[in-house]
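Undergrad: Mind having a look at this structure? Questions to follow.
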Amino acid sequence: MSRFNEISSRLPPTTFGVIVLCCVLYLVQAIANAPPLQRVTMCPHNVIVLHEYYRIMTSALYHGGLLHITMNMVSTLALSSLLERELGTIRHFLSVLVAILFTSLIYLLVALIASDVFAYNALMYQQAAGFSGVLFHMLVLETSLVGAGGDRTLFGFVNVPSWLYPWVLLVVLQLFMPNLSLLGHLSGMISGHFQLYGIFDVLVLPSEDTLRNMDQWRCLQWLARLPQFAATPSGLTLTRSSVNFPQLQCNCGRTTVRCVVHAMESVKVIIFGRGSVANANIQMCAEQPQYHIGDERDTNDETLSDPLLLAAGERASEMV
């Protein structure tokens with residue numbers, strides 16, 4: 001219990017509240033099966049046709065298993081804590097609500113377009129649950145706000161630019177774990193870019209002055225007195241005003257080449273091991289020496305010390 005108190009005392013309020021809420025809902029659902037998981041997942045057909053609008057919010061808070069919620073809450077612990085200290089507790093709380101709402105709405109819109117325009121109905125009946133869509137929303141903000149201008153390591157193998165890291169992670173996770181909800185993660189990334197480029201600031205999120213005034217509200221003083229409460233910072237630049245598309249294309253090209261080179265090098269290390277001394281005689285795609293009948297060869301060469309090669313050479317001389 002003391003360990004739990006120690007960890008909880010270090011977590012900012014919004015992050016702590018999200019983790020506790022998701023864990024409590026999972027325990028109730030796992031123990032009492034109340035409500036059944038199929039009743040709270042994101043299912044576009046049920047939301048649009050049956051008007052079960054509560055799924056827009058509940059789908060992000062419920063999880064499909066112990067491993068699922070463990071991975072998501074560990075990621076929330078690291079990512080949300082860092083982002084909350086940078087944004088402020090109240091702004092981060094509102095960002096989480098907006099992320100849940102718009103991630104689900106984008107999911108519904110894509111499924112509806114696929115069904116009505118392209119006659120692809122699978123997305124309308126596909127069910128998804130979990131906080132990972134919101135995590136991808138946070139990742140877009142974190143890579144721009146905290147790690148802008150640097151590189152990120154993808155599982156220790158490949159370095160990619162921070163702005164490209166969420167997209168690369170999306171593709172890699174889908175390749176290795178195809179059962180993940182690609183549309184859910186993609187919707188979270190789109191929602192994150194909406195906030196990054198200031199669209200939510202115009203539509204739903206309050207201004208910076210309003211947020212600082214909310215920090216002083218009497219009804220929220222119990223929250224502001226918490227040790228890990230993060231006040232709204234002043235002069236925080238979160239949005240990007242313009243995009244240099246030629247530079248973006250050059251960066252994408254260089255990153256693609258670098259990823260391919262690193263991937264080939266990783267494969268070489270996996271197959272042949274590490275160490276330049278032990279692997280000095282190994283060359284990938286090296287040309288093999290070619291011998292022709294009648295050519296003079298040095299019998300002292302190590303390559304001809306093999307009895308099979310010597311025998312082949314003698315037979316070739318006899319034929320000549």
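Labels for the structure tokens follow display order: chains A, B, ..., residues from 1 in each chain, ligands from 1.
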Among stretch 1-41 of chain A, which residues does DSSP mark as helix (DSSP H, G or I) when it is run on the backbone? Keep the chain and numbering as in the structure and answer as a PyMOL selection string.

TA: chain A and resi 2-10+13-32+37-39

Undergrad: Give me a file of those residues, with N, CA, C and O atoms, as a short mmCIF file (atom, residue, chain, number, x, y, z; two decimals), in the first residue's frame.

TA:
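Once everything was written out, this is out31.cif:
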data_model
loop_
_atom_site.label_atom_id
_atom_site.label_comp_id
_atom_site.auth_asym_id
_atom_site.auth_seq_id
_atom_site.Cartn_x
_atom_site.Cartn_y
_atom_site.Cartn_z
N SER A 2 1.99 1.20 0.71
CA SER A 2 2.87 2.35 0.76
C SER A 2 3.46 2.62 -0.62
O SER A 2 3.70 3.77 -0.98
N ARG A 3 3.74 1.53 -1.38
CA ARG A 3 4.27 1.70 -2.73
C ARG A 3 3.24 2.38 -3.62
O ARG A 3 3.58 3.26 -4.43
N PHE A 4 1.98 2.01 -3.49
CA PHE A 4 0.92 2.65 -4.27
C PHE A 4 0.81 4.13 -3.91
O PHE A 4 0.66 4.99 -4.79
N ASN A 5 0.89 4.45 -2.62
CA ASN A 5 0.83 5.85 -2.20
C ASN A 5 2.00 6.65 -2.74
O ASN A 5 1.86 7.82 -3.11
N GLU A 6 3.17 6.01 -2.80
CA GLU A 6 4.36 6.70 -3.31
C GLU A 6 4.20 7.02 -4.79
O GLU A 6 4.51 8.13 -5.24
N ILE A 7 3.71 6.04 -5.56
CA ILE A 7 3.53 6.27 -7.00
C ILE A 7 2.44 7.29 -7.25
O ILE A 7 2.59 8.20 -8.07
N SER A 8 1.31 7.16 -6.53
CA SER A 8 0.20 8.08 -6.76
C SER A 8 0.56 9.51 -6.36
O SER A 8 0.05 10.47 -6.97
N SER A 9 1.42 9.69 -5.38
CA SER A 9 1.80 11.04 -4.96
C SER A 9 2.66 11.73 -6.00
O SER A 9 2.80 12.96 -5.98
N ARG A 10 3.27 10.97 -6.90
CA ARG A 10 4.12 11.56 -7.93
C ARG A 10 3.38 11.84 -9.23
O ARG A 10 3.93 12.49 -10.11
N PRO A 13 -2.60 15.15 -11.33
CA PRO A 13 -4.00 14.76 -11.05
C PRO A 13 -4.74 14.15 -12.24
O PRO A 13 -5.43 13.13 -12.08
N THR A 14 -4.63 14.75 -13.43
CA THR A 14 -5.37 14.22 -14.57
C THR A 14 -4.90 12.82 -14.94
O THR A 14 -5.70 11.91 -15.19
N THR A 15 -3.60 12.62 -14.97
CA THR A 15 -3.04 11.31 -15.29
C THR A 15 -3.48 10.28 -14.26
O THR A 15 -3.89 9.16 -14.60
N PHE A 16 -3.40 10.63 -12.99
CA PHE A 16 -3.81 9.72 -11.93
C PHE A 16 -5.29 9.38 -12.05
O PHE A 16 -5.70 8.22 -11.90
N GLY A 17 -6.13 10.37 -12.34
CA GLY A 17 -7.56 10.13 -12.47
C GLY A 17 -7.89 9.21 -13.64
O GLY A 17 -8.76 8.33 -13.51
N VAL A 18 -7.21 9.39 -14.78
CA VAL A 18 -7.47 8.53 -15.94
C VAL A 18 -7.10 7.08 -15.64
O VAL A 18 -7.86 6.16 -15.95
N ILE A 19 -5.94 6.87 -15.02
CA ILE A 19 -5.50 5.51 -14.71
C ILE A 19 -6.45 4.83 -13.72
O ILE A 19 -6.83 3.67 -13.90
N VAL A 20 -6.82 5.55 -12.67
CA VAL A 20 -7.72 4.97 -11.67
C VAL A 20 -9.08 4.65 -12.30
O VAL A 20 -9.64 3.57 -12.07
N LEU A 21 -9.62 5.55 -13.09
CA LEU A 21 -10.93 5.33 -13.70
C LEU A 21 -10.91 4.10 -14.62
O LEU A 21 -11.80 3.25 -14.55
N CYS A 22 -9.89 4.00 -15.48
CA CYS A 22 -9.82 2.86 -16.40
C CYS A 22 -9.64 1.55 -15.64
O CYS A 22 -10.25 0.53 -15.99
N CYS A 23 -8.83 1.56 -14.58
CA CYS A 23 -8.60 0.34 -13.81
C CYS A 23 -9.85 -0.09 -13.06
O CYS A 23 -10.17 -1.29 -13.01
N VAL A 24 -10.57 0.86 -12.48
CA VAL A 24 -11.79 0.52 -11.76
C VAL A 24 -12.84 -0.05 -12.71
O VAL A 24 -13.50 -1.06 -12.42
N LEU A 25 -13.01 0.59 -13.86
CA LEU A 25 -13.97 0.10 -14.84
C LEU A 25 -13.59 -1.30 -15.33
O LEU A 25 -14.47 -2.16 -15.53
N TYR A 26 -12.30 -1.54 -15.51
CA TYR A 26 -11.88 -2.87 -15.95
C TYR A 26 -12.17 -3.93 -14.89
O TYR A 26 -12.65 -5.03 -15.21
N LEU A 27 -11.87 -3.61 -13.62
CA LEU A 27 -12.11 -4.59 -12.55
C LEU A 27 -13.59 -4.91 -12.42
O LEU A 27 -13.98 -6.08 -12.27
N VAL A 28 -14.44 -3.89 -12.47
CA VAL A 28 -15.88 -4.14 -12.37
C VAL A 28 -16.36 -4.97 -13.55
O VAL A 28 -17.15 -5.93 -13.39
N GLN A 29 -15.88 -4.64 -14.74
CA GLN A 29 -16.33 -5.38 -15.93
C GLN A 29 -15.79 -6.81 -15.93
O GLN A 29 -16.49 -7.75 -16.32
N ALA A 30 -14.54 -6.99 -15.46
CA ALA A 30 -13.95 -8.33 -15.46
C ALA A 30 -14.55 -9.23 -14.39
O ALA A 30 -14.74 -10.43 -14.62
N ILE A 31 -14.87 -8.67 -13.24
CA ILE A 31 -15.38 -9.48 -12.13
C ILE A 31 -16.88 -9.73 -12.26
O ILE A 31 -17.36 -10.86 -12.16
N ALA A 32 -17.62 -8.66 -12.49
CA ALA A 32 -19.08 -8.79 -12.52
C ALA A 32 -19.67 -8.84 -13.92
O ALA A 32 -20.88 -9.02 -14.07
N LEU A 37 -18.73 -6.30 -22.32
CA LEU A 37 -17.82 -5.47 -23.11
C LEU A 37 -18.43 -5.07 -24.45
O LEU A 37 -18.20 -3.96 -24.94
N GLN A 38 -19.23 -5.95 -25.04
CA GLN A 38 -19.83 -5.63 -26.34
C GLN A 38 -20.82 -4.48 -26.27
O GLN A 38 -21.14 -3.89 -27.30
N ARG A 39 -21.27 -4.13 -25.08
CA ARG A 39 -22.23 -3.03 -24.93
C ARG A 39 -21.56 -1.67 -24.85
O ARG A 39 -22.26 -0.64 -24.93
#

Undergrad: Per residue of stretch 82-156 of chain A within 9 Å of stretch 221-237 of chain A, which atom pair is closest and at what distance in Å (one decimal), using only C-alpha atoms, listed by chain and increasing number, as a tab-separated table?

TA:
residue	atom	partner	partner_atom	distance
A:Glu84	CA	A:Ala230	CA	7.1
A:Arg85	CA	A:Ala230	CA	5.6
A:Glu86	CA	A:Pro233	CA	7.6
A:Leu87	CA	A:Thr232	CA	6.4
A:Gly88	CA	A:Thr232	CA	4.4
A:Thr89	CA	A:Ala230	CA	5.0
A:Ile90	CA	A:Thr232	CA	7.3
A:Arg91	CA	A:Thr232	CA	7.0
A:Leu145	CA	A:Thr237	CA	7.9

Undergrad: Can those selected residues be exported to a file as an mmCIF file, in the first residue's frame so that it contains C-alpha atoms?

TA:
data_model
loop_
_atom_site.group_PDB
_atom_site.id
_atom_site.type_symbol
_atom_site.label_atom_id
_atom_site.label_comp_id
_atom_site.auth_asym_id
_atom_site.auth_seq_id
_atom_site.Cartn_x
_atom_site.Cartn_y
_atom_site.Cartn_z
ATOM 1 C CA GLU A 84 0.435 17.233 -18.265
ATOM 2 C CA ARG A 85 3.470 18.917 -16.682
ATOM 3 C CA GLU A 86 4.057 20.787 -19.935
ATOM 4 C CA LEU A 87 0.450 21.763 -20.711
ATOM 5 C CA GLY A 88 -0.926 22.226 -17.223
ATOM 6 C CA THR A 89 -3.436 20.051 -15.393
ATOM 7 C CA ILE A 90 -6.646 21.749 -16.510
ATOM 8 C CA ARG A 91 -5.598 22.117 -20.146
ATOM 9 C CA LEU A 145 6.057 19.967 -27.858
#

Undergrad: Would you please give, as a list in words, all residues of stretch 134-226 of chain A that DSSP assigns to strand (DSSP E) based on the backbone?

TA: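 Strand (DSSP E) members of stretch 134-226 of chain A, listed: Asp151, Arg152, Thr153, Leu154, Val158, Asn159, Val160 and Pro161 of chain A.
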
Undergrad: Once you have the residues from the selection above, write them out as a compact mmCIF listing (two decimals), in the first residue's frame, restricted to N, CA and C atoms.

TA:
# COMPACT_ATOMS: atom_id res chain seq x y z
N ASP A 151 15.58 13.37 -32.66
CA ASP A 151 15.27 12.05 -33.19
C ASP A 151 14.74 11.16 -32.08
N ARG A 152 13.97 10.17 -32.46
CA ARG A 152 13.47 9.16 -31.54
C ARG A 152 13.97 7.79 -31.99
N THR A 153 14.24 6.92 -31.04
CA THR A 153 14.67 5.57 -31.34
C THR A 153 13.47 4.64 -31.34
N LEU A 154 13.30 3.91 -32.42
CA LEU A 154 12.20 2.96 -32.55
C LEU A 154 12.68 1.60 -32.09
N VAL A 158 16.13 1.79 -35.00
CA VAL A 158 16.14 2.82 -36.03
C VAL A 158 15.84 4.18 -35.40
N ASN A 159 16.59 5.19 -35.79
CA ASN A 159 16.32 6.56 -35.36
C ASN A 159 15.48 7.27 -36.42
N VAL A 160 14.38 7.87 -35.98
CA VAL A 160 13.50 8.61 -36.90
C VAL A 160 13.25 10.00 -36.32
N PRO A 161 12.97 10.99 -37.16
CA PRO A 161 12.66 12.33 -36.65
C PRO A 161 11.43 12.29 -35.75

Undergrad: Given only C-alpha atoms as the basis, pick out the residue of A:Gly192, A:Gly65, A:Gly130, A:Pro206 nearest to A:Val40.

TA: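 The answer is A:Gly130, which sits nearest to A:Val40.
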
Undergrad: Contacts of A:Val171 at 12 Å or less, counting only C-alpha atoms, minus same-chain residues fewer than 3 places along, as a short mmCIF file (atom, residue, chain, number, x, y, z; two decimals) with N, CA, C and O atoms, in the first residue's frame?

TA:
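This went into result06.cif:
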data_model
loop_
_atom_site.label_atom_id
_atom_site.label_comp_id
_atom_site.auth_asym_id
_atom_site.auth_seq_id
_atom_site.Cartn_x
_atom_site.Cartn_y
_atom_site.Cartn_z
N LEU A 154 13.30 3.91 -32.42
CA LEU A 154 12.20 2.96 -32.55
C LEU A 154 12.68 1.60 -32.09
O LEU A 154 13.40 0.90 -32.82
N LEU A 164 7.99 12.39 -37.29
CA LEU A 164 7.59 11.20 -38.05
C LEU A 164 7.38 10.00 -37.15
O LEU A 164 6.80 8.99 -37.57
N TYR A 165 7.83 10.08 -35.90
CA TYR A 165 7.81 8.92 -35.00
C TYR A 165 6.41 8.33 -34.81
O TYR A 165 6.26 7.09 -34.87
N PRO A 166 5.35 9.11 -34.58
CA PRO A 166 4.02 8.50 -34.41
C PRO A 166 3.57 7.70 -35.62
O PRO A 166 2.96 6.63 -35.47
N TRP A 167 3.88 8.17 -36.83
CA TRP A 167 3.46 7.47 -38.04
C TRP A 167 4.22 6.16 -38.21
O TRP A 167 3.63 5.13 -38.57
N VAL A 168 5.53 6.20 -37.94
CA VAL A 168 6.32 4.98 -38.05
C VAL A 168 5.87 3.96 -37.00
O VAL A 168 5.74 2.77 -37.29
N GLN A 174 1.16 -2.09 -36.31
CA GLN A 174 0.14 -2.79 -37.09
C GLN A 174 0.73 -4.00 -37.80
O GLN A 174 0.05 -5.01 -37.98
N LEU A 175 2.00 -3.91 -38.21
CA LEU A 175 2.64 -5.04 -38.87
C LEU A 175 2.85 -6.20 -37.92
O LEU A 175 2.64 -7.37 -38.27
N PHE A 176 3.28 -5.92 -36.70
CA PHE A 176 3.60 -6.97 -35.75
C PHE A 176 2.38 -7.42 -34.94
O PHE A 176 2.35 -8.54 -34.43
N MET A 177 1.37 -6.55 -34.82
CA MET A 177 0.14 -6.89 -34.09
C MET A 177 -1.06 -6.49 -34.92
O MET A 177 -1.70 -5.47 -34.68
N PRO A 178 -1.37 -7.28 -35.95
CA PRO A 178 -2.44 -6.89 -36.89
C PRO A 178 -3.82 -6.84 -36.28
O PRO A 178 -4.74 -6.29 -36.90
N LEU A 180 -4.67 -5.12 -33.76
CA LEU A 180 -4.92 -3.79 -33.22
C LEU A 180 -5.85 -3.01 -34.14
O LEU A 180 -5.93 -3.27 -35.34
N SER A 181 -6.53 -2.03 -33.56
CA SER A 181 -7.47 -1.22 -34.34
C SER A 181 -6.70 -0.13 -35.07
O SER A 181 -6.36 0.91 -34.50
N LEU A 182 -6.42 -0.37 -36.34
CA LEU A 182 -5.71 0.63 -37.15
C LEU A 182 -6.51 1.91 -37.26
O LEU A 182 -5.96 3.01 -37.13
N LEU A 183 -7.81 1.78 -37.48
CA LEU A 183 -8.64 2.98 -37.62
C LEU A 183 -8.70 3.76 -36.31
O LEU A 183 -8.70 5.00 -36.32
N HIS A 185 -6.33 3.93 -33.92
CA HIS A 185 -5.06 4.63 -33.74
C HIS A 185 -4.92 5.79 -34.73
O HIS A 185 -4.45 6.87 -34.37
N LEU A 186 -5.31 5.54 -35.97
CA LEU A 186 -5.23 6.59 -36.98
C LEU A 186 -6.14 7.76 -36.64
O LEU A 186 -5.77 8.93 -36.83
#

Undergrad: Find the residues around A:Phe194 up to 12 Å (only C-alpha atoms counted), leave out those fewer than 6 positions away in its own chain, and share them as a count of residues only.

TA: 22

Undergrad: Using Å and a single decimal, report how far atom CA of A:Met71 sits from atom CA of A:Ser144.

TA: 22.9 Å

Undergrad: In Å, with one decimal, what is the gap from atom CA of A:Met124 to atom CA of A:Leu112?

TA: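 Distance between the two atoms: 7.0 Å.
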